[in-house]
>>> print(open('final-v3.cif').read())   # mmCIF, C-alpha atoms
data_entry
#
loop_
_atom_site.label_atom_id
_atom_site.label_comp_id
_atom_site.auth_asym_id
_atom_site.auth_seq_id
_atom_site.Cartn_x
_atom_site.Cartn_y
_atom_site.Cartn_z
CA MET H 1 85.92 135.64 107.64
CA THR H 2 83.38 134.06 105.29
CA PRO H 3 83.45 130.30 105.85
CA ILE H 4 85.16 128.14 103.24
CA ALA H 5 82.63 126.06 101.33
CA LEU H 6 83.10 122.31 101.86
CA ASN H 7 82.10 119.83 99.18
CA ALA H 8 80.42 117.46 101.65
CA ARG H 9 78.96 114.91 99.25
CA PHE H 10 80.76 112.27 101.36
CA HIS H 11 78.23 112.62 104.20
CA GLY H 12 76.05 109.55 104.53
CA GLN H 13 78.58 107.25 102.84
CA PRO H 14 80.45 104.40 104.60
CA ALA H 15 83.57 105.64 106.41
CA THR H 16 86.16 103.98 104.18
CA GLY H 17 89.47 105.61 103.09
CA MET H 18 88.55 108.88 101.39
CA GLN H 19 85.37 109.36 103.41
CA ARG H 20 87.33 108.82 106.64
CA TYR H 21 89.82 111.50 105.55
CA ALA H 22 87.05 114.01 104.90
CA LEU H 23 85.24 113.26 108.16
CA GLU H 24 88.41 113.39 110.28
CA LEU H 25 89.52 116.74 108.87
CA SER H 26 86.20 118.54 108.53
CA ARG H 27 85.41 118.11 112.23
CA ARG H 28 88.78 119.64 113.12
CA PHE H 29 88.03 122.97 111.35
CA PRO H 30 85.44 124.49 113.71
CA GLY H 31 84.09 127.75 112.31
CA TYR H 32 86.11 127.64 109.09
CA LEU H 33 83.87 125.44 106.93
CA ASP H 34 80.35 125.60 105.57
CA PRO H 35 79.42 122.03 104.56
CA LEU H 36 77.38 121.85 101.36
CA MET H 37 75.66 118.53 100.73
CA PRO H 38 72.65 117.04 98.95
CA THR H 39 69.44 116.77 100.94
CA THR H 40 69.75 112.98 100.69
CA ALA H 41 72.89 110.84 100.34
CA MET H 42 73.79 110.53 96.66
CA ARG H 43 76.21 108.14 95.02
CA GLY H 44 77.02 107.34 91.43
CA ILE H 45 75.58 109.42 88.60
CA ALA H 46 73.14 111.31 90.84
CA GLY H 47 75.99 112.41 93.12
CA HIS H 48 78.14 113.57 90.22
CA LEU H 49 75.24 115.51 88.70
CA TRP H 50 74.61 117.26 92.02
CA GLU H 51 78.31 118.07 92.32
CA GLN H 52 78.64 119.48 88.80
CA ILE H 53 75.28 121.27 88.50
CA CYS H 54 73.90 122.14 91.95
CA LEU H 55 77.01 122.62 94.08
CA PRO H 56 78.53 125.57 92.10
CA ALA H 57 75.46 127.72 92.77
CA ALA H 58 75.63 126.97 96.50
CA VAL H 59 79.30 127.98 96.68
CA ARG H 60 78.37 131.60 95.83
CA GLY H 61 81.88 132.65 94.81
CA ARG H 62 83.62 131.43 97.98
CA LEU H 63 86.69 129.23 98.14
CA LEU H 64 85.61 125.58 97.83
CA TRP H 65 87.49 122.63 99.32
CA SER H 66 86.72 119.31 97.62
CA PRO H 67 88.34 116.60 99.77
CA ASN H 68 87.51 113.42 97.84
CA ASN H 69 89.12 113.24 94.38
CA THR H 70 86.31 115.03 92.54
CA GLY H 71 84.92 118.54 92.31
CA PRO H 72 82.81 120.82 90.11
CA LEU H 73 84.53 122.00 86.95
CA ALA H 74 82.59 125.27 87.08
CA VAL H 75 84.40 126.40 90.28
CA ALA H 76 87.93 127.62 89.64
CA ARG H 77 88.33 129.06 93.15
CA GLN H 78 88.81 125.57 94.55
CA VAL H 79 91.35 123.40 96.38
CA CYS H 80 90.97 119.70 95.65
CA THR H 81 92.46 116.76 97.53
CA ILE H 82 93.46 113.95 95.18
CA HIS H 83 94.08 110.66 96.93
CA ASP H 84 95.04 108.55 93.92
CA LEU H 85 94.76 108.20 90.16
CA ILE H 86 93.81 104.52 90.18
CA PRO H 87 91.01 104.84 87.55
CA LEU H 88 93.56 106.34 85.15
CA ASP H 89 96.43 104.01 86.00
CA HIS H 90 94.29 100.85 86.09
CA PRO H 91 90.97 101.37 84.29
CA GLU H 92 90.65 97.58 83.94
CA TRP H 93 89.81 97.37 87.66
CA PHE H 94 86.65 99.45 87.24
CA SER H 95 83.43 99.50 85.29
CA SER H 96 83.93 101.13 81.89
CA GLN H 97 81.51 103.93 82.79
CA PHE H 98 83.39 104.78 85.99
CA ALA H 99 86.82 104.65 84.32
CA HIS H 100 85.69 106.81 81.38
CA TRP H 101 84.17 109.42 83.67
CA TYR H 102 87.30 109.85 85.77
CA SER H 103 89.63 109.77 82.76
CA TRP H 104 87.59 112.69 81.40
CA LEU H 105 87.09 114.58 84.69
CA LEU H 106 90.41 114.42 86.53
CA PRO H 107 92.69 116.01 83.88
CA ARG H 108 90.24 118.91 83.48
CA LEU H 109 89.71 119.35 87.21
CA ALA H 110 93.46 119.33 87.91
CA LYS H 111 94.03 122.14 85.41
CA GLN H 112 91.04 124.17 86.63
CA VAL H 113 91.47 124.32 90.41
CA ARG H 114 93.75 126.75 92.25
CA HIS H 115 95.69 124.11 94.12
CA ILE H 116 95.84 120.36 94.73
CA ILE H 117 96.57 118.49 97.97
CA ALA H 118 98.06 115.02 97.50
CA VAL H 119 98.14 112.51 100.35
CA SER H 120 101.55 111.04 99.43
CA GLN H 121 104.64 111.80 97.39
CA PHE H 122 103.67 108.87 95.18
CA THR H 123 100.29 110.45 94.39
CA LYS H 124 101.90 113.83 93.74
CA GLN H 125 104.29 112.29 91.24
CA ARG H 126 101.43 110.56 89.43
CA ILE H 127 99.54 113.90 89.27
CA VAL H 128 102.59 115.62 87.82
CA ASP H 129 103.40 112.84 85.34
CA LEU H 130 99.91 111.79 84.27
CA LEU H 131 97.95 115.06 84.46
CA GLY H 132 100.74 117.47 83.48
CA VAL H 133 100.36 119.60 86.61
CA HIS H 134 103.37 121.72 87.66
CA PRO H 135 104.84 120.43 90.96
CA SER H 136 104.42 123.86 92.57
CA ARG H 137 100.62 123.45 92.33
CA VAL H 138 100.62 120.27 94.45
CA THR H 139 101.23 120.12 98.21
CA VAL H 140 101.79 116.75 99.89
CA ILE H 141 100.02 116.36 103.23
CA PRO H 142 99.92 112.77 104.56
CA ASN H 143 96.91 111.24 106.24
CA GLY H 144 96.84 110.78 110.01
CA VAL H 145 96.08 108.19 112.66
CA ASP H 146 93.41 108.82 115.28
CA ALA H 147 94.34 108.45 118.96
CA ARG H 148 91.75 105.69 119.41
CA PHE H 149 94.04 103.33 117.48
CA THR H 150 96.12 102.01 120.33
CA PRO H 151 96.66 98.66 122.11
CA ARG H 152 93.30 97.67 123.61
CA ASP H 153 91.94 95.87 126.65
CA PRO H 154 91.99 92.10 125.91
CA GLY H 155 88.50 91.65 127.28
CA GLN H 156 87.06 94.28 124.94
CA VAL H 157 89.01 92.82 122.02
CA ASP H 158 87.50 89.40 122.74
CA LEU H 159 83.96 90.84 122.83
CA THR H 160 84.45 92.51 119.45
CA ARG H 161 85.98 89.37 117.97
CA ARG H 162 82.98 87.30 119.03
CA ALA H 163 80.54 89.96 117.80
CA LEU H 164 82.15 89.72 114.35
CA GLY H 165 81.85 85.94 114.35
CA ILE H 166 85.62 85.32 114.49
CA THR H 167 85.95 81.97 116.21
CA SER H 168 89.72 81.77 116.75
CA PRO H 169 91.44 84.20 119.15
CA SER H 170 94.57 83.89 116.95
CA TYR H 171 94.12 85.45 113.54
CA LEU H 172 95.92 87.21 110.75
CA LEU H 173 93.98 90.18 109.41
CA THR H 174 93.55 91.95 106.11
CA VAL H 175 91.35 95.06 105.88
CA GLY H 176 89.80 96.65 102.81
CA SER H 177 86.90 96.48 100.40
CA VAL H 178 86.76 93.35 98.29
CA GLU H 179 87.91 94.91 95.02
CA PRO H 180 90.63 94.03 92.47
CA ARG H 181 93.45 96.23 93.77
CA LYS H 182 93.37 94.64 97.23
CA ASN H 183 94.90 91.53 95.69
CA LEU H 184 92.88 89.01 97.69
CA PRO H 185 93.17 86.08 95.23
CA ARG H 186 96.99 86.12 95.54
CA LEU H 187 96.82 86.55 99.31
CA LEU H 188 94.46 83.58 99.60
CA GLU H 189 96.73 81.42 97.44
CA ALA H 190 99.74 82.44 99.56
CA TRP H 191 97.73 81.55 102.68
CA ARG H 192 97.00 78.12 101.21
CA ARG H 193 100.72 77.55 100.64
CA VAL H 194 101.82 78.41 104.19
CA GLN H 195 99.08 76.72 106.20
CA SER H 196 101.12 73.63 106.90
CA SER H 197 103.77 75.87 108.49
CA VAL H 198 101.30 77.87 110.62
CA LEU H 199 99.76 76.74 113.90
CA PRO H 200 96.36 75.09 113.27
CA ASP H 201 94.47 77.53 115.49
CA VAL H 202 95.45 80.60 113.39
CA ASP H 203 92.81 81.87 110.93
CA LEU H 204 92.90 84.48 108.17
CA VAL H 205 90.27 87.18 108.68
CA VAL H 206 89.20 89.29 105.69
CA ALA H 207 87.46 92.46 106.92
CA GLY H 208 85.67 94.56 104.34
CA GLY H 209 82.50 94.74 102.34
CA PRO H 210 82.20 94.04 98.63
CA GLY H 211 83.17 96.87 96.30
CA ASN H 212 80.32 98.76 94.64
CA SER H 213 79.38 96.67 91.59
CA ARG H 214 78.65 99.85 89.61
CA VAL H 215 82.26 100.94 90.19
CA PHE H 216 84.56 97.93 90.50
CA GLY H 217 85.20 94.89 88.38
CA ALA H 218 84.26 91.55 89.85
CA VAL H 219 86.50 89.67 92.30
CA THR H 220 85.86 85.93 92.35
CA PHE H 221 87.26 83.26 94.65
CA ASN H 222 87.43 79.63 93.64
CA ASN H 223 88.15 76.83 96.10
CA LEU H 224 88.74 78.96 99.17
CA PRO H 225 91.49 77.58 101.41
CA PRO H 226 90.54 76.45 104.92
CA ARG H 227 90.54 78.77 107.94
CA VAL H 228 89.38 81.91 106.12
CA HIS H 229 86.70 84.11 107.71
CA PHE H 230 84.98 87.00 105.87
CA THR H 231 83.46 89.53 108.29
CA GLY H 232 81.90 91.81 105.67
CA TYR H 233 81.95 95.55 106.31
CA VAL H 234 83.23 96.38 109.81
CA ALA H 235 81.85 99.49 111.52
CA ASP H 236 84.45 102.17 112.11
CA GLU H 237 84.10 102.02 115.90
CA LEU H 238 85.03 98.32 115.92
CA LEU H 239 88.24 98.67 113.90
CA PRO H 240 90.63 99.47 116.80
CA ASP H 241 89.62 96.27 118.64
CA LEU H 242 89.82 94.22 115.45
CA TYR H 243 93.34 95.48 114.71
CA ALA H 244 94.53 95.11 118.28
CA GLY H 245 93.43 91.47 118.45
CA ALA H 246 95.32 90.45 115.31
CA THR H 247 98.61 88.59 115.33
CA ALA H 248 99.62 90.58 112.24
CA LEU H 249 98.11 92.68 109.44
CA LEU H 250 98.61 91.43 105.87
CA TYR H 251 98.29 94.17 103.24
CA PRO H 252 99.64 93.06 99.84
CA SER H 253 97.68 95.72 97.94
CA LEU H 254 98.49 96.33 94.29
CA TYR H 255 97.96 100.10 94.50
CA GLU H 256 97.47 102.63 97.30
CA GLY H 257 97.38 106.40 97.19
CA PHE H 258 98.22 106.31 100.90
CA GLY H 259 97.10 103.19 102.81
CA LEU H 260 95.55 103.84 106.23
CA PRO H 261 95.16 100.24 107.54
CA PRO H 262 98.91 99.55 107.93
CA LEU H 263 99.43 102.71 110.01
CA GLU H 264 96.33 102.07 112.12
CA ALA H 265 97.47 98.51 112.80
CA MET H 266 100.95 99.75 113.73
CA ALA H 267 99.40 102.24 116.16
CA CYS H 268 97.60 99.31 117.79
CA GLY H 269 100.93 97.54 118.28
CA VAL H 270 100.39 94.98 115.50
CA PRO H 271 103.17 93.83 113.12
CA VAL H 272 102.49 94.59 109.46
CA MET H 273 103.27 93.03 106.08
CA VAL H 274 102.79 95.37 103.09
CA SER H 275 103.50 95.61 99.37
CA ASN H 276 106.78 97.09 98.21
CA GLY H 277 105.20 99.48 95.69
CA THR H 278 103.11 102.64 95.16
CA SER H 279 102.74 104.70 98.37
CA LEU H 280 103.23 101.93 100.93
CA PRO H 281 107.03 102.13 101.39
CA GLU H 282 106.85 105.86 102.18
CA VAL H 283 104.00 105.25 104.64
CA ALA H 284 105.44 102.21 106.43
CA GLY H 285 109.06 103.36 106.47
CA ASP H 286 111.33 100.73 108.05
CA ALA H 287 108.57 99.33 110.26
CA ALA H 288 107.09 96.58 108.09
CA VAL H 289 107.83 93.37 106.21
CA PHE H 290 107.73 94.16 102.47
CA VAL H 291 106.62 91.76 99.71
CA ASP H 292 106.18 91.75 95.95
CA PRO H 293 102.38 91.82 95.56
CA LEU H 294 102.55 90.13 92.14
CA ASP H 295 104.46 87.12 93.48
CA GLU H 296 102.50 84.60 95.54
CA ASP H 297 105.71 83.03 96.83
CA SER H 298 106.90 86.44 98.06
CA ILE H 299 103.57 86.99 99.85
CA ALA H 300 103.76 83.50 101.39
CA ASP H 301 107.30 84.17 102.59
CA GLY H 302 106.16 87.52 103.99
CA ILE H 303 103.41 85.83 106.00
CA LEU H 304 105.92 83.50 107.61
CA ARG H 305 108.38 86.34 108.24
CA VAL H 306 105.84 88.60 109.92
CA LEU H 307 104.64 85.69 112.05
CA SER H 308 108.20 84.92 113.12
CA GLU H 309 108.63 88.55 114.22
CA SER H 310 105.27 88.95 115.97
CA GLY H 311 106.36 88.32 119.56
CA PRO H 312 105.29 90.78 122.28
CA GLU H 313 108.70 92.48 122.35
CA SER H 314 109.45 92.28 118.63
CA ALA H 315 111.16 95.14 116.80
CA LEU H 316 108.29 95.21 114.30
CA ARG H 317 105.80 96.08 117.04
CA LYS H 318 108.08 98.70 118.59
CA ASN H 319 109.08 100.29 115.28
CA GLY H 320 105.50 100.23 114.05
CA ARG H 321 104.16 102.16 117.01
CA ALA H 322 106.97 104.70 116.68
CA ARG H 323 106.23 105.07 112.97
CA ALA H 324 102.49 105.57 113.53
CA GLN H 325 103.19 108.31 116.08
CA GLN H 326 104.66 110.42 113.27
CA PHE H 327 101.19 110.77 111.71
CA SER H 328 98.22 112.53 113.30
CA TRP H 329 94.98 113.97 112.00
CA GLU H 330 95.67 117.13 114.01
CA SER H 331 98.85 117.74 112.01
CA THR H 332 97.08 116.87 108.75
CA ALA H 333 94.26 119.27 109.61
CA GLN H 334 96.57 122.14 110.54
CA ARG H 335 98.61 121.82 107.36
CA THR H 336 95.47 121.51 105.25
CA LEU H 337 93.97 124.62 106.81
CA GLU H 338 97.17 126.52 106.07
CA VAL H 339 96.87 125.60 102.38
CA LEU H 340 93.20 126.61 102.30
CA LEU H 341 93.86 129.97 103.96
CA ARG H 342 96.78 130.60 101.60
CA HIS H 343 94.38 130.30 98.65
CA TYR H 344 91.45 132.02 100.37
CA ALA H 345 91.98 135.50 98.97
#
>>> encode(input="final-v3.cif", output="structure tokens")
Amino acid sequence: MTPIALNARFHGQPATGMQRYALELSRRFPGYLDPLMPTTAMRGIAGHLWEQICLPAAVRGRLLWSPNNTGPLAVARQVCTIHDLIPLDHPEWFSSQFAHWYSWLLPRLAKQVRHIIAVSQFTKQRIVDLLGVHPSRVTVIPNGVDARFTPRDPGQVDLTRRALGITSPSYLLTVGSVEPRKNLPRLLEAWRRVQSSVLPDVDLVVAGGPGNSRVFGAVTFNNLPPRVHFTGYVADELLPDLYAGATALLYPSLYEGFGLPPLEAMACGVPVMVSNGTSLPEVAGDAAVFVDPLDEDSIADGILRVLSESGPESALRKNGRARAQQFSWESTAQRTLEVLLRHYA
């Protein structure tokens, strides 16, 4: 068969959420995909221009899979994966240029393509409600967890911790780019409120680089509480050790189309606290402590609850690992390939 064209604009970008999805799946389709990408990594306006103007000619009439929320409007023979509709639901979190572009592009793209893959039931419902797409044109295929996310050797965990400049071997962890939806100001205030009830050797580690200033609104922190360590961007290969060394993962995000960090932490045997909204309840199931992300007292209470249930034999650890085992990139890849082949003709 003629290979399916892959919109591979994600190559050369940091392996965060959507890019990780595309990388994990594309390497599991040997022989089925022909990656099409710019000669140099392009982001922002240059990347969108390449996608809309140059990519359609390279497709040459084949089926195109666009795995990262965008795609060329000139290609109708296309399957697009939509991870979330955050720029439409919360344009105030983004630069006006970015929000306007996606509010113009996504409704048109959703109506143009042959089929849409959504990464959660939550995202599917937002596509149906906000973009007016018939439910039959959207297939839900959840993200996966790679087998490397597993409890790790303590010695290796300690080496990674020291390499990232984390001084305390006991730490609570939050993972994600520093951008408005990650809700860091409320988490930091909740951390301030509970410190007197937490052992003095426990730190809060914030792992993630700053959001692209051309895309996201500013996130500012005034009067940081004590015992907070910012690692900056953490390379993908270090994440399993970083998760495995944590006492618990704190993830009070305001909006997620899926939410990989909670599942990856669960797979590493780490208890998890997550928000009670958007996609996170369907991802975490009954294996997490849930909080109201808009309520600092609820987040503070959640921190204390997850700490109280973080013992080596705790139900949170056991249930979390069992929950994570229900998600794999192999299953995601197989189901995605089935959708692509169904729309190949």
>>> closest_residue(input="final-v3.cif", among="H:Ile127, H:Leu159, H:Leu36, H:Ala246", to="Arg62 of chain H", atoms="only C-alpha atoms")
H:Leu36
>>> residues_around(input="final-v3.cif", residues="segment 88-92 of chain H", least_positions_apart="5", cutoff="12 Å", atoms="all atoms listed in the file", output="number ranges by chain")
H: 97-107, 123, 126-127, 129-131, 179-181, 215-218, 254-257, 278
>>> residues_around(input="final-v3.cif", residues="Ser197 of chain H", least_positions_apart="4", cutoff="12 Å", atoms="all atoms listed in the file", output="ChimeraX atom specification")
/H:190-193,201-202,300-301,303-305,307-308
>>> atom_distance(input="final-v3.cif", atom1="atom CA of Glu189 of chain H", atom2="atom CA of Arg227 of chain H")
12.5 Å
>>> resolve_selection(input="final-v3.cif", expression="the PyMOL selection byres ((chain H and resi 41) around 9)", output="JSON, numbers by chain")
{"H": [9, 10, 11, 12, 13, 37, 38, 39, 40, 42, 43, 47]}
>>> atom_distance(input="final-v3.cif", atom1="atom CA of Pro30 of chain H", atom2="atom CA of Pro3 of chain H")
10.0 Å
>>> residues_around(input="final-v3.cif", residues="Gln78 of chain H", least_positions_apart="4", cutoff="10 Å", atoms="all atoms listed in the file", output="JSON, numbers by chain")
{"H": [4, 5, 6, 7, 61, 62, 63, 64, 65, 66, 71, 72, 73, 74, 109, 112, 113, 114, 115, 116, 340, 343, 344]}
>>> closest_residue(input="final-v3.cif", among="H:Tyr233, H:Val75, H:Val291, H:Gly165", to="Ala57 of chain H", atoms="all atoms listed in the file")
H:Val75
